[in-house]
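Novice: The following file, coords_7.cif, comprises mmCIF, C-alpha atoms:
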data_model
loop_
_atom_site.label_atom_id
_atom_site.label_comp_id
_atom_site.auth_asym_id
_atom_site.auth_seq_id
_atom_site.Cartn_x
_atom_site.Cartn_y
_atom_site.Cartn_z
CA MET N 1 -63.24 -30.75 -30.64
CA GLY N 2 -66.51 -32.63 -30.87
CA GLU N 3 -69.74 -32.02 -29.08
CA GLY N 4 -69.00 -34.83 -26.58
CA ASP N 5 -65.60 -33.36 -25.72
CA GLU N 6 -67.11 -29.92 -25.14
CA ARG N 7 -69.73 -31.41 -22.81
CA MET N 8 -67.07 -33.32 -20.85
CA SER N 9 -64.98 -30.17 -20.54
CA TRP N 10 -68.02 -28.24 -19.26
CA LEU N 11 -68.78 -30.96 -16.71
CA HIS N 12 -65.16 -30.97 -15.50
CA SER N 13 -65.18 -27.17 -15.02
CA LYS N 14 -68.48 -27.35 -13.16
CA ALA N 15 -67.17 -30.14 -10.92
CA ARG N 16 -64.06 -28.05 -10.13
CA ALA N 17 -66.27 -25.05 -9.24
CA TYR N 18 -68.37 -27.18 -6.87
CA PHE N 19 -65.22 -28.62 -5.34
CA PHE N 20 -63.75 -25.18 -4.60
CA LEU N 21 -67.12 -24.00 -3.23
CA ILE N 22 -67.24 -26.96 -0.82
CA VAL N 23 -63.66 -26.28 0.30
CA PHE N 24 -64.52 -22.60 0.88
CA LEU N 25 -67.61 -23.45 2.96
CA ILE N 26 -65.63 -25.95 5.06
CA SER N 27 -62.92 -23.35 5.74
CA CYS N 28 -65.57 -20.78 6.74
CA SER N 29 -67.21 -23.22 9.15
CA ASP N 30 -63.80 -24.04 10.64
CA ALA N 31 -63.12 -20.32 11.09
CA PHE N 32 -66.44 -19.78 12.91
CA LEU N 33 -65.81 -22.82 15.12
CA ASN N 34 -62.33 -21.56 15.98
CA PHE N 35 -63.77 -18.14 16.80
CA ALA N 36 -66.38 -19.69 19.12
CA VAL N 37 -63.69 -21.73 20.90
CA MET N 38 -61.45 -18.66 21.27
CA LYS N 39 -64.40 -16.67 22.62
CA ARG N 40 -65.18 -19.29 25.26
CA ARG N 41 -61.51 -19.45 26.29
CA TYR N 42 -61.30 -15.66 26.45
CA VAL N 43 -64.45 -15.29 28.59
CA LYS N 44 -63.23 -18.08 30.88
CA HIS N 45 -59.80 -16.45 31.16
CA ILE N 46 -61.30 -13.02 31.97
CA SER N 47 -63.66 -14.56 34.54
CA GLN N 48 -60.82 -16.43 36.27
CA GLN N 49 -58.63 -13.34 36.23
CA THR N 50 -61.28 -11.10 37.74
CA HIS N 51 -62.34 -13.64 40.37
CA ARG N 52 -58.70 -14.16 41.40
CA SER N 53 -57.72 -10.54 41.68
CA ALA N 54 -60.94 -8.69 42.37
CA THR N 55 -62.78 -10.61 45.04
CA THR N 56 -61.37 -8.05 47.44
CA GLN N 57 -61.30 -5.27 44.87
CA VAL N 58 -64.34 -3.27 45.94
CA THR N 59 -64.25 0.44 45.27
CA ARG N 60 -64.61 2.87 48.15
CA SER N 61 -65.52 6.22 46.75
CA PRO N 62 -67.25 9.42 47.84
CA ALA N 63 -68.41 9.98 44.28
CA LEU N 64 -72.02 8.94 44.70
CA ASN N 65 -72.77 9.28 48.37
CA GLY N 66 -70.51 11.98 49.75
CA THR N 67 -68.95 9.77 52.42
CA ASN N 68 -65.74 7.80 52.62
CA ASN N 69 -67.15 4.97 54.73
CA VAL N 70 -69.70 3.49 52.34
CA THR N 71 -68.55 0.59 50.16
CA LEU N 72 -70.04 0.51 46.67
CA ILE N 73 -70.31 -2.67 44.61
CA PRO N 74 -72.01 -3.29 41.28
CA ARG N 75 -75.24 -5.27 41.38
CA THR N 76 -75.87 -8.31 39.18
CA GLU N 77 -79.03 -9.82 40.66
CA LEU N 78 -81.86 -10.68 38.31
CA GLY N 79 -84.34 -7.83 38.16
CA ILE N 80 -81.71 -5.09 38.56
CA ARG N 81 -82.21 -2.88 35.51
CA THR N 82 -78.87 -1.96 33.94
CA VAL N 83 -78.14 0.32 30.99
CA GLY N 84 -75.05 -0.49 28.91
CA VAL N 85 -73.14 2.20 26.98
CA ASP N 86 -70.62 1.52 24.21
CA TYR N 87 -69.14 5.01 23.75
CA GLY N 88 -67.44 6.03 20.53
CA THR N 89 -66.35 9.36 19.11
CA ALA N 90 -68.73 8.99 16.14
CA ARG N 91 -71.54 6.79 17.49
CA THR N 92 -72.61 5.46 20.88
CA GLY N 93 -74.63 2.29 21.37
CA VAL N 94 -77.08 1.92 24.26
CA ALA N 95 -78.68 -1.28 25.55
CA VAL N 96 -80.64 -2.41 28.61
CA THR N 97 -81.05 -5.63 30.58
CA THR N 98 -82.52 -6.96 33.81
CA GLY N 99 -79.95 -9.74 34.06
CA TYR N 100 -80.79 -11.77 30.95
CA SER N 101 -81.41 -11.21 27.22
CA PRO N 102 -79.95 -7.69 26.81
CA ARG N 103 -81.99 -5.54 24.45
CA PRO N 104 -80.48 -2.90 22.11
CA LEU N 105 -82.12 0.49 22.57
CA ALA N 106 -80.49 3.10 20.35
CA ILE N 107 -77.45 4.22 18.39
CA LEU N 108 -76.79 7.87 19.25
CA ASP N 109 -74.71 10.52 17.53
CA SER N 110 -71.57 11.29 19.57
CA THR N 111 -70.47 14.52 17.90
CA ASN N 112 -72.18 16.68 20.56
CA THR N 113 -71.25 15.28 23.97
CA THR N 114 -73.71 17.54 25.82
CA GLU N 115 -76.62 16.33 23.69
CA LEU N 116 -75.38 12.74 23.93
CA SER N 117 -75.19 12.96 27.73
CA ARG N 118 -78.70 14.43 27.87
CA ASN N 119 -80.07 11.60 25.68
CA ILE N 120 -78.44 8.89 27.79
CA VAL N 121 -79.74 10.45 31.02
CA SER N 122 -83.20 10.54 29.44
CA ILE N 123 -82.94 6.84 28.57
CA VAL N 124 -81.80 6.00 32.12
CA LYS N 125 -84.79 7.87 33.55
CA THR N 126 -87.22 6.32 31.08
CA GLU N 127 -85.95 2.80 31.75
CA LYS N 128 -85.81 3.49 35.52
CA ALA N 129 -82.32 1.98 35.60
CA ASP N 130 -80.45 1.12 38.78
CA GLN N 131 -76.96 1.40 37.31
CA VAL N 132 -75.05 2.25 34.12
CA ILE N 133 -72.19 0.19 32.67
CA VAL N 134 -69.75 1.96 30.32
CA GLY N 135 -67.45 -0.09 28.11
CA MET N 136 -63.76 0.65 28.72
CA PRO N 137 -61.39 -0.11 25.81
CA PHE N 138 -58.39 -2.26 26.76
CA LEU N 139 -55.65 -3.89 24.72
CA MET N 140 -55.32 -7.67 24.77
CA ASN N 141 -52.46 -7.37 27.29
CA GLY N 142 -54.79 -5.59 29.74
CA THR N 143 -53.46 -2.03 29.31
CA GLU N 144 -55.72 0.87 28.40
CA THR N 145 -55.89 2.15 24.83
CA GLU N 146 -55.52 5.79 23.77
CA GLN N 147 -59.32 5.96 23.51
CA ALA N 148 -59.64 5.04 27.21
CA GLN N 149 -58.87 8.59 28.39
CA VAL N 150 -61.58 9.98 26.08
CA VAL N 151 -64.05 7.44 27.49
CA ARG N 152 -63.11 8.41 31.06
CA GLU N 153 -63.62 12.12 30.40
CA PHE N 154 -67.04 11.59 28.81
CA SER N 155 -68.11 9.09 31.50
CA SER N 156 -67.21 11.51 34.28
CA PHE N 157 -69.18 14.25 32.50
CA LEU N 158 -72.13 11.88 32.09
CA ALA N 159 -71.94 10.82 35.76
CA THR N 160 -72.13 14.47 36.84
CA ASN N 161 -75.21 15.11 34.69
CA LEU N 162 -76.80 11.86 35.84
CA TYR N 163 -76.28 12.73 39.51
CA SER N 164 -77.76 16.19 39.02
CA GLU N 165 -80.92 14.60 37.54
CA VAL N 166 -81.51 11.46 39.63
CA GLY N 167 -79.17 11.81 42.59
CA PRO N 168 -77.06 9.04 44.14
CA LYS N 169 -79.51 6.19 43.50
CA VAL N 170 -77.99 5.34 40.06
CA SER N 171 -74.33 4.28 40.04
CA MET N 172 -71.96 4.16 37.04
CA TRP N 173 -69.22 1.59 36.38
CA TYR N 174 -66.51 0.89 33.84
CA TRP N 175 -66.33 -2.59 32.33
CA ASP N 176 -63.79 -4.24 30.02
CA GLU N 177 -65.15 -4.13 26.46
CA ARG N 178 -62.37 -6.04 24.70
CA CYS N 179 -63.53 -7.72 21.46
CA SER N 180 -67.16 -6.67 21.97
CA SER N 181 -67.40 -4.95 18.58
CA LYS N 182 -65.75 -7.87 16.77
CA GLU N 183 -68.04 -10.31 18.54
CA ALA N 184 -71.09 -8.24 17.56
CA GLU N 185 -69.94 -8.26 13.93
CA ALA N 186 -69.33 -12.02 13.98
CA ARG N 187 -72.79 -12.68 15.43
CA LYS N 188 -74.48 -10.54 12.80
CA LEU N 189 -72.58 -12.09 9.90
CA SER N 190 -73.23 -15.61 11.19
CA SER N 191 -76.98 -14.98 11.02
CA ASN N 192 -76.81 -13.02 7.76
CA PRO N 193 -73.55 -13.11 5.73
CA ASN N 194 -74.78 -10.23 3.54
CA ALA N 195 -75.70 -7.94 6.44
CA ASP N 196 -74.45 -4.37 6.49
CA THR N 197 -72.20 -3.98 9.55
CA ILE N 198 -71.08 -0.37 9.06
CA GLY N 199 -72.57 1.88 11.74
CA THR N 200 -75.09 -0.73 12.90
CA LEU N 201 -73.24 -2.67 15.61
CA ASP N 202 -72.85 -0.17 18.46
CA ALA N 203 -76.05 -1.13 20.30
CA ASP N 204 -75.26 -4.84 19.79
CA ALA N 205 -71.79 -4.24 21.26
CA ALA N 206 -73.46 -2.61 24.29
CA CYS N 207 -75.54 -5.78 24.68
CA ILE N 208 -72.37 -7.90 24.69
CA ILE N 209 -70.79 -5.62 27.32
CA LEU N 210 -73.80 -6.27 29.56
CA GLU N 211 -73.63 -10.01 28.90
CA HIS N 212 -69.97 -10.18 29.98
CA PHE N 213 -70.66 -7.94 32.99
CA TYR N 214 -73.40 -10.23 34.32
CA TYR N 215 -71.48 -13.39 33.42
CA ALA N 216 -68.55 -12.27 35.61
CA LYS N 217 -70.93 -11.08 38.37
CA GLY N 218 -69.53 -7.56 37.98
CA VAL N 219 -66.27 -8.55 39.66
CA GLY N 220 -63.50 -6.16 38.64
CA ALA N 221 -65.77 -3.25 37.70
CA GLU N 222 -64.39 0.23 38.37
CA ILE N 223 -66.63 3.02 39.58
CA VAL N 224 -66.95 6.21 37.51
CA GLU N 225 -65.84 9.26 39.46
CA ILE N 226 -67.84 12.49 39.28
CA GLN N 227 -65.93 15.61 38.21
CA ASN N 228 -67.62 18.22 40.39
CA LEU N 229 -69.53 16.44 43.13
CA ASP N 230 -70.48 19.64 44.99
CA ASP N 231 -71.93 21.24 41.85
CA ALA N 232 -73.80 18.02 41.04
CA LYS N 233 -75.29 17.95 44.55
CA LYS N 234 -76.40 21.57 44.23
CA LEU N 235 -78.01 20.90 40.85
CA PHE N 236 -79.76 17.81 42.21
CA ALA N 237 -81.08 19.75 45.22
CA LEU N 238 -82.26 22.51 42.85
CA GLN N 239 -84.01 19.99 40.60
CA LYS N 240 -85.61 18.34 43.63
CA ARG N 241 -86.86 21.66 44.99
CA LYS N 242 -88.18 22.63 41.55
CA LYS N 243 -90.10 19.36 41.22
CA SER N 244 -91.49 19.80 44.73
CA GLU N 245 -92.68 23.33 43.89
CA GLU N 246 -94.25 22.11 40.64
CA ARG N 247 -96.06 19.34 42.51
CA ILE N 248 -97.35 21.79 45.15
CA ALA N 249 -98.52 24.19 42.41
CA PHE N 250 -100.29 21.33 40.62
CA GLU N 251 -102.05 20.28 43.84
CA GLU N 252 -103.13 23.90 44.45
CA ARG N 253 -104.51 24.19 40.90
CA ARG N 254 -106.30 20.92 41.32
CA ALA N 255 -107.80 21.95 44.66
CA SER N 256 -108.82 25.32 43.20
CA GLY N 257 -110.57 23.58 40.32
CA LEU N 258 -112.41 21.24 42.68
CA ASN N 259 -113.55 24.17 44.83
CA ALA N 260 -114.75 26.07 41.75
CA ARG N 261 -116.79 23.07 40.61
CA LYS N 262 -118.29 22.63 44.09
CA GLU N 263 -119.24 26.33 44.20
CA ALA N 264 -120.83 26.12 40.73
CA MET N 265 -122.83 23.05 41.75
CA ALA N 266 -124.00 24.80 44.96
CA ARG N 267 -125.11 27.89 42.97
CA ALA N 268 -127.00 25.68 40.54
CA VAL N 269 -128.84 23.91 43.38
CA GLU N 270 -129.66 27.24 45.04
CA LEU N 271 -130.96 28.71 41.76
CA GLU N 272 -133.11 25.66 41.14
CA SER N 273 -134.61 25.91 44.63
CA GLN N 274 -135.38 29.62 44.12
CA MET N 275 -137.09 28.97 40.78
CA LYS N 276 -139.19 26.23 42.35
CA ARG N 277 -140.36 28.63 45.06
CA GLU N 278 -141.24 31.30 42.49
CA GLY N 279 -142.95 28.75 40.25
CA THR N 280 -140.82 29.64 37.25
CA LEU N 281 -139.10 26.28 36.97
CA THR N 282 -140.21 24.26 33.98
CA ILE N 283 -138.99 20.75 33.54
CA LYS N 284 -138.93 19.39 30.04
CA THR N 285 -139.32 15.67 29.70
CA LYS N 286 -138.41 13.79 26.61
CA LYS N 287 -141.02 11.49 25.17
CA LYS N 288 -139.84 7.97 24.85
CA LYS N 289 -140.02 6.61 21.38
CA ARG N 290 -142.01 3.47 21.09
CA LYS N 291 -140.24 0.64 19.43
CA LYS N 292 -142.03 -0.76 16.45
CA ARG N 293 -142.81 -4.38 16.79
CA LYS N 294 -141.76 -6.56 13.98
CA ARG N 295 -144.62 -8.36 12.33
#
Rewrite the structure from the file as structure tokens, please.
Specialist:
Amino acid sequence: MGEGDERMSWLHSKARAYFFLIVFLISCSDAFLNFAVMKRRYVKHISQQTHRSATTQVTRSPALNGTNNVTLIPRTELGIRTVGVDYGTARTGVAVTTGYSPRPLAILDSTNTTELSRNIVSIVKTEKADQVIVGMPFLMNGTETEQAQVVREFSSFLATNLYSEVGPKVSMWYWDERCSSKEAEARKLSSNPNADTIGTLDADAACIILEHFYYAKGVGAEIVEIQNLDDAKKLFALQKRKKSEERIAFEERRASGLNARKEAMARAVELESQMKREGTLTIKTKKKKRKKRKR
């Protein structure tokens, strides 16, 4: 085989490689387009379903207010600060929004549920949130997964701790989280195909849960029931009384300090007056340094 034949063979192999690369890129773009279309159809389907069946589905519950006559509904107005939680047995993602552009906050370790609950309550207090949305895993046919019961148990435990810290002003709701993790992975890979998606998507999934919640106006959300409402109320009253006592003690210390300073100033004035009368008061004056004029 001559040199010309070898060059032609190399060009043919290179052309075939470029051809297969172009075909691969076209198939990838088609796959992403199909995913986007399916996502829009799914969100539209969920919105229609919830608006059809849940316009009258408002939860009446004594969980947060202690009465059976108060109707609770989730709030989706702009400015309402909402914390989203994507709970998992290994990791839990947390995000926050005020109605637009959800922001990922943290990915927390889920192995210790007590510590996890304490961290989420701390985030809720720091962000001064009005409500908490917990992602509830459903199958595509609308039935709950095996993980759903685990999510319910943790959410109820979290709601009890949250009530004991902040009282009834912060409500908790379940929201359908179907496909949120897959959507978070697709978004990350679309922006960076080489991105590491293992253990890094939980907070992004919490953002997507909040997006879907606000898009559907919260219709169809289910309130999280508190396990031991009486105990939670007692703990909240105890925390409130403790904070009140700490505030009173701080005010007393502050007043005591002010009085001590006033007494010290009065003694100083009295001593100065006495020294003036006795003629033992000497006032030292500092000589002002003359500034040298530049020649």
Novice: What residues come out when you apply the PyMOL selection byres ((chain N and resi 107-118) around 10) to this file, written as a VMD selection string?
Specialist: chain N and resid 85 to 95 104 to 106 119 to 124 154 to 155 157 to 162 165 199 to 204 206
Novice: Sorted by chain and rising residue number, list the residues of region 216-248 of chain N at most 12 Å from region 130-150 of chain N (counting only C-alpha atoms), each with its closest atom pair and distance in Å to one decimal, as JSON lines.
Specialist:
{"residue": "N:Gly218", "atom": "CA", "partner": "N:Ile133", "partner_atom": "CA", "distance": 9.8}
{"residue": "N:Ala221", "atom": "CA", "partner": "N:Ile133", "partner_atom": "CA", "distance": 8.9}
{"residue": "N:Glu222", "atom": "CA", "partner": "N:Ile133", "partner_atom": "CA", "distance": 9.7}
{"residue": "N:Ile223", "atom": "CA", "partner": "N:Ile133", "partner_atom": "CA", "distance": 9.3}
{"residue": "N:Val224", "atom": "CA", "partner": "N:Val134", "partner_atom": "CA", "distance": 8.8}
Novice: Counting only C-alpha atoms, which of N:Val166, N:Ile22, N:Ile209, N:Val151 gets nearest to Cys179 (chain N)?
Specialist: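 The shortest atom-to-atom distance to Cys179 (chain N) comes from N:Ile209.
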Novice: From the list N:Leu229, N:His212, N:Thr197, N:Ser156, which residue is nearest Asp176 (chain N) when using all atoms listed in the file?
Specialist: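 Ranked by minimum distance to Asp176 (chain N), first place goes to N:His212.
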Novice: One number please: CA of Arg178 (chain N) to CA of Lys217 (chain N), in Å, one decimal.
Specialist: 16.9 Å
Novice: So what do you get for CA of Thr126 (chain N) versus CA of Ser164 (chain N), distance-wise?
Specialist: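 Going from CA of Thr126 (chain N) over to CA of Ser164 (chain N), I get 15.8 Å.
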Novice: Between CA of Trp175 (chain N) and CA of Gly220 (chain N), what distance in Å does the model show, to one decimal?
Specialist: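 Here the two named atoms are 7.8 Å from each other.
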Novice: Can you patch up region 99-110 of chain N, filling it in to all heavy atoms, and show the result as a short mmCIF file (atom, residue, chain, number, x, y, z; two decimals), in the frame of the given file?
Specialist:
data_model
loop_
_atom_site.label_atom_id
_atom_site.label_comp_id
_atom_site.auth_asym_id
_atom_site.auth_seq_id
_atom_site.Cartn_x
_atom_site.Cartn_y
_atom_site.Cartn_z
N GLY N 99 -80.73 -8.58 33.64
CA GLY N 99 -79.95 -9.74 34.06
C GLY N 99 -79.92 -10.85 33.03
O GLY N 99 -79.14 -11.79 33.13
N TYR N 100 -80.77 -10.76 32.02
CA TYR N 100 -80.79 -11.77 30.95
C TYR N 100 -81.35 -11.12 29.68
O TYR N 100 -82.09 -10.15 29.73
CB TYR N 100 -81.65 -12.98 31.34
CG TYR N 100 -83.06 -12.62 31.74
CD1 TYR N 100 -84.08 -12.56 30.81
CD2 TYR N 100 -83.36 -12.34 33.07
CE1 TYR N 100 -85.37 -12.22 31.18
CE2 TYR N 100 -84.65 -12.00 33.44
CZ TYR N 100 -85.65 -11.96 32.49
OH TYR N 100 -86.93 -11.62 32.86
N SER N 101 -80.95 -11.69 28.53
CA SER N 101 -81.41 -11.21 27.22
C SER N 101 -81.31 -9.69 27.08
O SER N 101 -82.33 -8.99 27.04
CB SER N 101 -82.86 -11.65 26.97
OG SER N 101 -82.97 -13.05 26.97
N PRO N 102 -80.09 -9.14 27.02
CA PRO N 102 -79.95 -7.69 26.81
C PRO N 102 -80.65 -7.25 25.53
O PRO N 102 -80.68 -7.98 24.54
CB PRO N 102 -78.43 -7.49 26.71
CG PRO N 102 -77.84 -8.67 27.40
CD PRO N 102 -78.77 -9.81 27.15
N ARG N 103 -81.20 -6.05 25.57
CA ARG N 103 -81.99 -5.54 24.45
C ARG N 103 -81.37 -4.24 23.95
O ARG N 103 -81.20 -3.29 24.72
CB ARG N 103 -83.42 -5.31 24.92
CG ARG N 103 -84.35 -4.66 23.93
CD ARG N 103 -85.79 -4.73 24.43
NE ARG N 103 -85.92 -4.18 25.77
CZ ARG N 103 -86.22 -2.91 26.02
NH1 ARG N 103 -86.37 -2.06 25.02
NH2 ARG N 103 -86.35 -2.48 27.27
N PRO N 104 -81.02 -4.16 22.65
CA PRO N 104 -80.48 -2.90 22.11
C PRO N 104 -81.55 -1.82 22.10
O PRO N 104 -82.70 -2.08 21.75
CB PRO N 104 -80.04 -3.28 20.68
CG PRO N 104 -80.83 -4.50 20.34
CD PRO N 104 -81.08 -5.22 21.62
N LEU N 105 -81.16 -0.61 22.48
CA LEU N 105 -82.12 0.49 22.57
C LEU N 105 -81.93 1.52 21.46
O LEU N 105 -82.88 1.89 20.78
CB LEU N 105 -82.02 1.18 23.93
CG LEU N 105 -82.53 0.42 25.14
CD1 LEU N 105 -82.32 1.24 26.41
CD2 LEU N 105 -84.00 0.08 24.98
N ALA N 106 -80.70 2.01 21.31
CA ALA N 106 -80.49 3.10 20.35
C ALA N 106 -79.03 3.21 19.98
O ALA N 106 -78.14 2.76 20.72
CB ALA N 106 -80.98 4.41 20.95
N ILE N 107 -78.79 3.80 18.81
CA ILE N 107 -77.45 4.22 18.39
C ILE N 107 -77.49 5.74 18.28
O ILE N 107 -78.21 6.29 17.45
CB ILE N 107 -77.04 3.58 17.06
CG1 ILE N 107 -76.98 2.06 17.21
CG2 ILE N 107 -75.69 4.12 16.60
CD1 ILE N 107 -76.64 1.33 15.92
N LEU N 108 -76.73 6.42 19.14
CA LEU N 108 -76.79 7.87 19.25
C LEU N 108 -75.58 8.53 18.60
O LEU N 108 -74.49 7.96 18.56
CB LEU N 108 -76.86 8.28 20.73
CG LEU N 108 -77.99 7.65 21.55
CD1 LEU N 108 -77.84 8.03 23.02
CD2 LEU N 108 -79.35 8.06 21.04
N ASP N 109 -75.79 9.73 18.12
CA ASP N 109 -74.71 10.52 17.53
C ASP N 109 -73.82 11.07 18.65
O ASP N 109 -74.32 11.65 19.63
CB ASP N 109 -75.30 11.67 16.71
CG ASP N 109 -74.23 12.48 16.01
OD1 ASP N 109 -73.10 11.98 15.89
OD2 ASP N 109 -74.52 13.61 15.58
N SER N 110 -72.50 10.90 18.51
CA SER N 110 -71.57 11.29 19.57
C SER N 110 -70.87 12.61 19.31
O SER N 110 -70.00 13.01 20.08
CB SER N 110 -70.52 10.19 19.77
OG SER N 110 -71.12 8.98 20.14
#
